[in-house]
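A short write-up of the structure that comes next.
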Amino acid sequence: MEGDPQGAWSGRGRCQTDCVERPLSRTLRRLGGLVGAHPWPFLLLPVALSAALGAGFRQLPLREANDIEGQFTPRGGPAKAERRLVQERFSTDDARRFSAQRLTTEGTFASFVAVAHEPARTLLTRAAFAELLALDAAVRALSASGHAYAEVCARSDGACSSPNPLLSAVGDDPARIEALLPNLTFPLWQGRVILGFYLGGVSVGPRAAGGRSRPVRAAKALRLFYHLREGDPAQREASLKWLQGFLRRIGGVLRELNLASVRVAYFSSVSRQEELEKNTDQVVPLFIVTYFLTICFSILSCLRLDCVRTKVWVAAFGVLSSGLAVISSFGLLLFCGVPFVITAASGPFLTLGVGVDDMFIMVSCWQQTKVKHRVEDRMANTYAEAAVSITITTLTDILAFYIGIATSFPSIQSFCIYTGSAFAFCYLYNLTFLGAVLALNGRREESNRHWFTFMKVSTETQESRSSAYNLCCVGGSYDESTGAEFEHPMNEFFRKHFGPFLMHSWTKVAVVVLYLTYICSSIYGCTQVNEGIDLRNLVDDFSYVVQYYDFEEQNFKEYGPRVMAVVTGSIPYWNSTVRADLEHCIQVMENSTYVDKKLSESWLRMYEEAANRMSLNIGDRSSFIGNLSILFREHPQSRWDVNFTDLEISASRFFIQTINITTSVDERDLLRELRARAADCNLPLIVYHPAFIFYDHLILIAQNTIQNVLIATGAMLLISLLLIPNPLCSLWVTFAIASVITGVTGFMAYWNVNLDSISMINLIMCIGFSVDCSAHISYAFVNSKKHNLNDKAVDALYRLGYPMVQGSISTIVGVLVLSATDTYIFRAFFKIIFLVISFGTFHGLFFIPVFLTFVGFSGRMSTTQHRIDCQFNDNSARIESNVTQLPVINT
C-alpha cells in the first residue's frame, strides 16, 4: 500500500470532500488580500459597530433575569403543572386561616435556626428560651416602610401564626419549658403537632408500649418561621418591604441581643434571590484582571528578541478584538431583549481565551509566509491557511453552544446564546479588526521600523555598538533558507526531545498504564458524581445564607417535605369501593421507605372514624356531603382539604410525611417513586410539594445532558468530516470525545462539582475541544510524509505540540481568576474548563500520539490528497498545528 499511489489511500485522496474546504480557502484568501490592501476600513468599522452595539448595555438592568425558580428549574417541569392544578382546586387565605403545610409555593417568610452553644447539649432550658423570647419580641417589633409585623404577618384564629409551637406554649415565661419537658414527645406532641419541623438534633427516651412518640430528653436546635401574607399584590408588596427591612436590620438586632446560650442563623424567602444577584457585581473587576493577565501572556507569547519582527501590538490588539466581540454580541442581545442570567457572566472569560488562541494561529501563519512578499500576498496566504482552521473550530464552538439552547433550563439557554454569539463576533472581528492590525504591523515590518518608536532601524549588527543597542535598535532578520521568519525554539524541543522520548518503548508502556489508570478512575468517578444544584451554591460562600443551610443540614435532615396527595377529579367518595381504592392508593405511598405512615393526615380517615363513632350514614351522596360539617367542627383545618358543593366533591387532598431525604439522590428517587405510585392508582391522583419544583431538575438534568451531548457529538463529527475528512480522524474524534467527557465527568466528583444546570453546558463544550484536538493531531499523523509510525508521531508533535500548549495556557489564563471567587457558579465553571483543557491537551500530547503508533496507518497519503489539504502541508505544518489551539478554546 505504501508504494501504490493508486491504492486505497490514493482513491481516498480523490474522494476528499474538498468541495467545502477549497472554496472556503479561496474565499478567505481573497478576503485576506483585501484586508492587506485596505486595512483601515476593516480596523475602524468593528470599532464603530462595537460602540453602537455597546449601547445595549444600558438595557442590562432590565434584562437581568436571575429568578431562581424561573432560570434554574426546567421550563415545563411536571411540578409546575401540578402546582397549577392544586392552586386551581384549593383556595388560600393567609390573612385568616394560614396553614404552612397547605402552601402551594415556598411562601413569604423570615426564618431562624437557633443552635445551642457548646458545650451545652440542649436549648430546652430556661436561659435559652429567655433569649429566644427576646429574639421573637425583637422581630415582632420590627417595621419597614411603615409596615409593622402585625400588619403583614400571616394570621390564623385572629392572631399572627406562631413561629414555633414551643414558643407559644411557654408564653412569656421561659421557665415553663422545663415544666413542659417531661410531657414533650417526639415527633408528635399532643397528638397532632409534628415537632420534627421545629426541633432538631433531638435525643429521645424509649417509646412507651403502643405509643407513637418518644419522650424528648434534649434538642440541639430549634426553628422559627415568621410567615407573611401574600394573598394579593398589595399584601405581597407590603410583605416584601418588611422582609427587606428585616434583612437590613436583623444583623444589628442580633448584635444588640448579645445571645449567650444560642447561636442564631437567619434566612428569608428572598435571601437566595438577593444574594444571587449580588454575584454579578464580582464579574466586572474579575474581567479587568483577566484582561490584564491575558494581554501579558499574549505579549510574552508573541514577543521576539527582534525589535522589528516582534508582534507586541498584534498581541495587545488581539485581546482587544475579543473584548470588542463581547461588547458587540452582549450589547446586540440586550437590545433584542434576551434575558441575561448570572451564568452568562462566565461567557466573556471563555471568549477572551478563544480570541487569543485564534490570534496565535494567525500570527503563526503569518510567520510562515515569505518575508519579502508584499503584505497583500502575505495576508492572502495567512487567511488561506489560518482562517480555514479558525473557521473549523469556530463552527464547532458555536454549534456546541447553540445546541445547548435546546435545553429546558433557561439559565443554560442564556449562557449558550450569549457565549455562542460572542464566539461568532469573535470570529468576525478576528478576520477584520485583527487582520487589519496584522496587516498594519506587516507594513511596519516591511519598512523595517521599530515596534515601539516606529523609526527605521538597521538590519545589520553594528560591532561598534553595545550588545544592548544591537538588541534594541537592530532588527528585521529572517531565515534566508526558507524566506520566512525564524522558527520558535519550542517546535524544535518537541521534535528533538519530547517526541523521541515519548516514542521510547518504556515511555509507551507508562503512557498506556497512565491512560488505564485515568479511564478507570474516571469511570468510578462517574458513578459517584452528585446530581442536582445545591441552592446554597447560588450564593457567596460567606453569605449569611450558608450558615443557615449548614445549621439546617446538621439538625433537620430527618424530616423532609410534607407532601400533598391530591385527588384532582370528582369521584363518588360515598361509594365504599371507591373509598377502599383511595385508601389503598394512600397506603401504597405510605409504604415507601421515604415515608413515615404514622405521620400521615387524611380527612377521609378522620371522617370515617367520626361516622363510625357517631353511627352516621355516609353511604350516599347527600348524607356524605351533608355530614361533612361534623368533620369540620372536630378538625377545622380539614375544611380546606375538601373542595365540595352540594352535588359533588370536585377535589380533595391528603398529607404524607417524608423522612430521611438527605441527598439529591434521595430527592430524585422520592419524586420518581411517589409519582410512579400515584400514576399506578386507578383514581385521578397526583403528588405535590413546592420543593418538587426544584426536584424536577434532578430527573431532567442527566437526560438533558446525555441528549445534548449525543446531538452535539453527531454534529461535531459531521463538521469534522466535511472540513477535515479522513476515516482515521473520525475514529480518534469518537475516541477522544468519549474519553475526555468520561474524564471530566468522573473528576467532577473528585473536585466537588455537581452535575447541574451550571456544569451541564461545560460538558457539551468538551465535545468541541475533543473534536479539534483529536482531529488535528491524528490528521497531522496521517498526513506526515514519514513512513515509520514513530517518526510520524514525532512529526505530528513537532507541528502541533507548542501551539497546543500555547493555546491551553492562554485559555486557562482566561478563566484563572474565576478560581479565586467566593461563588460556586464561577468556581465550577473554572474547574470544568480546567479539566477539559488539561485532559484534552494530555490526550493530544500523550495518549493519541502513542495509540496512533499502535493502530495508525503506516503509509503515506497520495500526492493528490497531500496537495488538496493545504492546511497540513509542510509549509503550513505549524499553522495546522495551531488549529489545535482552537480545540482548547472549545472548552
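Going through the C-alpha cells in order, the chains are called A, B, and so on, while each chain numbers its residues from 1 and the ligands are numbered from 1 in the order shown.
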
Legend entry - Residue contacts of segment 167-175 of chain A (12 Å, only C-alpha atoms) excluding same-chain residues fewer than 5 positions away, as a PyMOL selection string: chain A and resi 123-137+159-162+180-181+184+189-190+193+198-199+222-225

Legend entry - Selection near segment 702-713 of chain A, 6 Å with only C-alpha atoms, sequence-local residues under 2 positions removed, as number ranges by chain: A: 400, 700, 715-716, 760, 764

Next, dump the selected residues to file, keeping only all heavy atoms, as a PDB file, in the first residue's frame.
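Just written: again_21.pdb:
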ATOM      1  N   ALA A 400     -21.785  23.897  19.326  1.00  0.00           N
ATOM      2  CA  ALA A 400     -21.930  23.302  20.651  1.00  0.00           C
ATOM      3  C   ALA A 400     -22.816  24.173  21.536  1.00  0.00           C
ATOM      4  O   ALA A 400     -23.687  23.675  22.251  1.00  0.00           O
ATOM      5  CB  ALA A 400     -20.557  23.119  21.300  1.00  0.00           C
ATOM      6  N   LEU A 700     -34.374  15.622  35.141  1.00  0.00           N
ATOM      7  CA  LEU A 700     -34.157  16.047  33.763  1.00  0.00           C
ATOM      8  C   LEU A 700     -32.713  16.379  33.435  1.00  0.00           C
ATOM      9  O   LEU A 700     -32.334  16.385  32.274  1.00  0.00           O
ATOM     10  CB  LEU A 700     -35.034  17.271  33.460  1.00  0.00           C
ATOM     11  CG  LEU A 700     -36.550  17.025  33.495  1.00  0.00           C
ATOM     12  CD1 LEU A 700     -37.302  18.318  33.267  1.00  0.00           C
ATOM     13  CD2 LEU A 700     -36.948  15.995  32.458  1.00  0.00           C
ATOM     14  N   ALA A 715     -23.147  16.236  15.417  1.00  0.00           N
ATOM     15  CA  ALA A 715     -22.918  17.437  14.629  1.00  0.00           C
ATOM     16  C   ALA A 715     -21.433  17.729  14.484  1.00  0.00           C
ATOM     17  O   ALA A 715     -20.955  18.109  13.402  1.00  0.00           O
ATOM     18  CB  ALA A 715     -23.634  18.620  15.289  1.00  0.00           C
ATOM     19  N   MET A 716     -20.671  17.541  15.561  1.00  0.00           N
ATOM     20  CA  MET A 716     -19.229  17.792  15.503  1.00  0.00           C
ATOM     21  C   MET A 716     -18.541  16.830  14.520  1.00  0.00           C
ATOM     22  O   MET A 716     -17.657  17.217  13.769  1.00  0.00           O
ATOM     23  CB  MET A 716     -18.609  17.633  16.888  1.00  0.00           C
ATOM     24  CG  MET A 716     -19.130  18.580  17.937  1.00  0.00           C
ATOM     25  SD  MET A 716     -18.832  20.285  17.522  1.00  0.00           S
ATOM     26  CE  MET A 716     -19.677  21.067  18.877  1.00  0.00           C
ATOM     27  N   MET A 760     -23.632  21.487  33.165  1.00  0.00           N
ATOM     28  CA  MET A 760     -24.066  20.704  32.023  1.00  0.00           C
ATOM     29  C   MET A 760     -23.503  21.226  30.708  1.00  0.00           C
ATOM     30  O   MET A 760     -22.974  20.474  29.894  1.00  0.00           O
ATOM     31  CB  MET A 760     -25.595  20.681  31.952  1.00  0.00           C
ATOM     32  CG  MET A 760     -26.140  19.770  30.865  1.00  0.00           C
ATOM     33  SD  MET A 760     -27.936  19.755  30.854  1.00  0.00           S
ATOM     34  CE  MET A 760     -28.250  20.845  29.485  1.00  0.00           C
ATOM     35  N   ILE A 764     -20.830  19.821  27.360  1.00  0.00           N
ATOM     36  CA  ILE A 764     -21.034  19.904  25.912  1.00  0.00           C
ATOM     37  C   ILE A 764     -19.840  20.589  25.258  1.00  0.00           C
ATOM     38  O   ILE A 764     -19.429  20.233  24.145  1.00  0.00           O
ATOM     39  CB  ILE A 764     -22.334  20.664  25.612  1.00  0.00           C
ATOM     40  CG1 ILE A 764     -23.525  19.900  26.205  1.00  0.00           C
ATOM     41  CG2 ILE A 764     -22.537  20.858  24.117  1.00  0.00           C
ATOM     42  CD1 ILE A 764     -24.838  20.624  26.096  1.00  0.00           C
TER      43      ILE A 764
END

Inset, instruction - Name the residues in contact with Val326 of chain A at a cut-off of 8 Å, using only C-alpha atoms, excluding same-chain residues fewer than 2 positions from it; report them as number ranges by chain. - result: A: 322-324, 328-330, 348, 351, 422, 425-426

I need the residues from that last selection saved to file as a PDB file, in the first residue's frame (with N, CA, C and O atoms), if you can.
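File written: out.pdb
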ATOM      1  N   SER A 322     -11.126  40.485  21.102  1.00  0.00           N
ATOM      2  CA  SER A 322     -12.056  39.642  21.867  1.00  0.00           C
ATOM      3  C   SER A 322     -12.963  40.498  22.738  1.00  0.00           C
ATOM      4  O   SER A 322     -14.158  40.206  22.891  1.00  0.00           O
ATOM      5  N   GLY A 323     -12.396  41.547  23.313  1.00  0.00           N
ATOM      6  CA  GLY A 323     -13.211  42.447  24.122  1.00  0.00           C
ATOM      7  C   GLY A 323     -14.290  43.125  23.301  1.00  0.00           C
ATOM      8  O   GLY A 323     -15.446  43.261  23.743  1.00  0.00           O
ATOM      9  N   LEU A 324     -13.954  43.555  22.080  1.00  0.00           N
ATOM     10  CA  LEU A 324     -14.946  44.164  21.198  1.00  0.00           C
ATOM     11  C   LEU A 324     -16.040  43.166  20.836  1.00  0.00           C
ATOM     12  O   LEU A 324     -17.223  43.527  20.729  1.00  0.00           O
ATOM     13  N   SER A 328     -19.976  43.783  21.506  1.00  0.00           N
ATOM     14  CA  SER A 328     -20.924  43.782  20.391  1.00  0.00           C
ATOM     15  C   SER A 328     -22.003  42.732  20.571  1.00  0.00           C
ATOM     16  O   SER A 328     -23.196  43.007  20.404  1.00  0.00           O
ATOM     17  N   SER A 329     -21.596  41.513  20.902  1.00  0.00           N
ATOM     18  CA  SER A 329     -22.569  40.417  20.996  1.00  0.00           C
ATOM     19  C   SER A 329     -23.520  40.616  22.171  1.00  0.00           C
ATOM     20  O   SER A 329     -24.741  40.499  22.026  1.00  0.00           O
ATOM     21  N   PHE A 330     -22.975  40.949  23.340  1.00  0.00           N
ATOM     22  CA  PHE A 330     -23.828  41.144  24.507  1.00  0.00           C
ATOM     23  C   PHE A 330     -24.738  42.356  24.307  1.00  0.00           C
ATOM     24  O   PHE A 330     -25.917  42.320  24.660  1.00  0.00           O
ATOM     25  N   PRO A 348     -17.707  35.983  28.795  1.00  0.00           N
ATOM     26  CA  PRO A 348     -16.578  36.811  28.356  1.00  0.00           C
ATOM     27  C   PRO A 348     -15.214  36.199  28.658  1.00  0.00           C
ATOM     28  O   PRO A 348     -14.261  36.395  27.883  1.00  0.00           O
ATOM     29  N   THR A 351     -14.639  33.604  25.963  1.00  0.00           N
ATOM     30  CA  THR A 351     -14.461  34.268  24.674  1.00  0.00           C
ATOM     31  C   THR A 351     -13.075  34.874  24.563  1.00  0.00           C
ATOM     32  O   THR A 351     -12.450  34.857  23.495  1.00  0.00           O
ATOM     33  N   ALA A 422     -21.088  35.549  21.151  1.00  0.00           N
ATOM     34  CA  ALA A 422     -19.785  36.197  21.352  1.00  0.00           C
ATOM     35  C   ALA A 422     -18.714  35.521  20.503  1.00  0.00           C
ATOM     36  O   ALA A 422     -17.840  36.189  19.929  1.00  0.00           O
ATOM     37  N   PHE A 425     -19.083  36.765  16.886  1.00  0.00           N
ATOM     38  CA  PHE A 425     -18.487  38.088  16.707  1.00  0.00           C
ATOM     39  C   PHE A 425     -16.970  38.016  16.813  1.00  0.00           C
ATOM     40  O   PHE A 425     -16.256  38.750  16.124  1.00  0.00           O
ATOM     41  N   CYS A 426     -16.472  37.151  17.687  1.00  0.00           N
ATOM     42  CA  CYS A 426     -15.025  37.000  17.825  1.00  0.00           C
ATOM     43  C   CYS A 426     -14.414  36.547  16.499  1.00  0.00           C
ATOM     44  O   CYS A 426     -13.369  37.045  16.074  1.00  0.00           O
TER      45      CYS A 426
END

Inset, instruction - Write out as a PyMOL selection string which residues come within 10 Å of segment 681-690 of chain A when counting only C-alpha atoms, dropping same-chain ones fewer than 6 positions away. - result: chain A and resi 78-83+85-86+101-107+561-571+578+581-582+584-586+588-589+651-656+671+674-675

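Between atom CA of Val312 of chain A and atom CA of Ala796 of chain A there is a distance of 28.4 Å.
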
Please produce, as a Markdown table, a per-residue contact table for segment 72-94 of chain A versus segment 521-542 of chain A (criterion: any atom at most 12 Å away, only C-alpha atoms considered), showing the nearest atom pair and its distance in Å to one decimal, sorted by chain then residue number.
| residue | atom | partner | partner_atom | distance |
| --- | --- | --- | --- | --- |
| A:Phe72 | CA | A:Ile533 | CA | 8.5 |
| A:Thr73 | CA | A:Ile533 | CA | 9.5 |
| A:Pro74 | CA | A:Gly532 | CA | 11.8 |

Legend entry - All strand (DSSP E) residues (DSSP, backbone) inside segment 167-387 of chain A, as an MDAnalysis selection string: chainID A and resid 185:186 188:189 193:194 199:204 214:228 262:268

Legend entry - DSSP-assigned helix (DSSP H, G or I) among segment 185-395 of chain A, expressed as a PyMOL selection string: chain A and resi 195-197+233-257+271-302+312-335+342-368+375-395
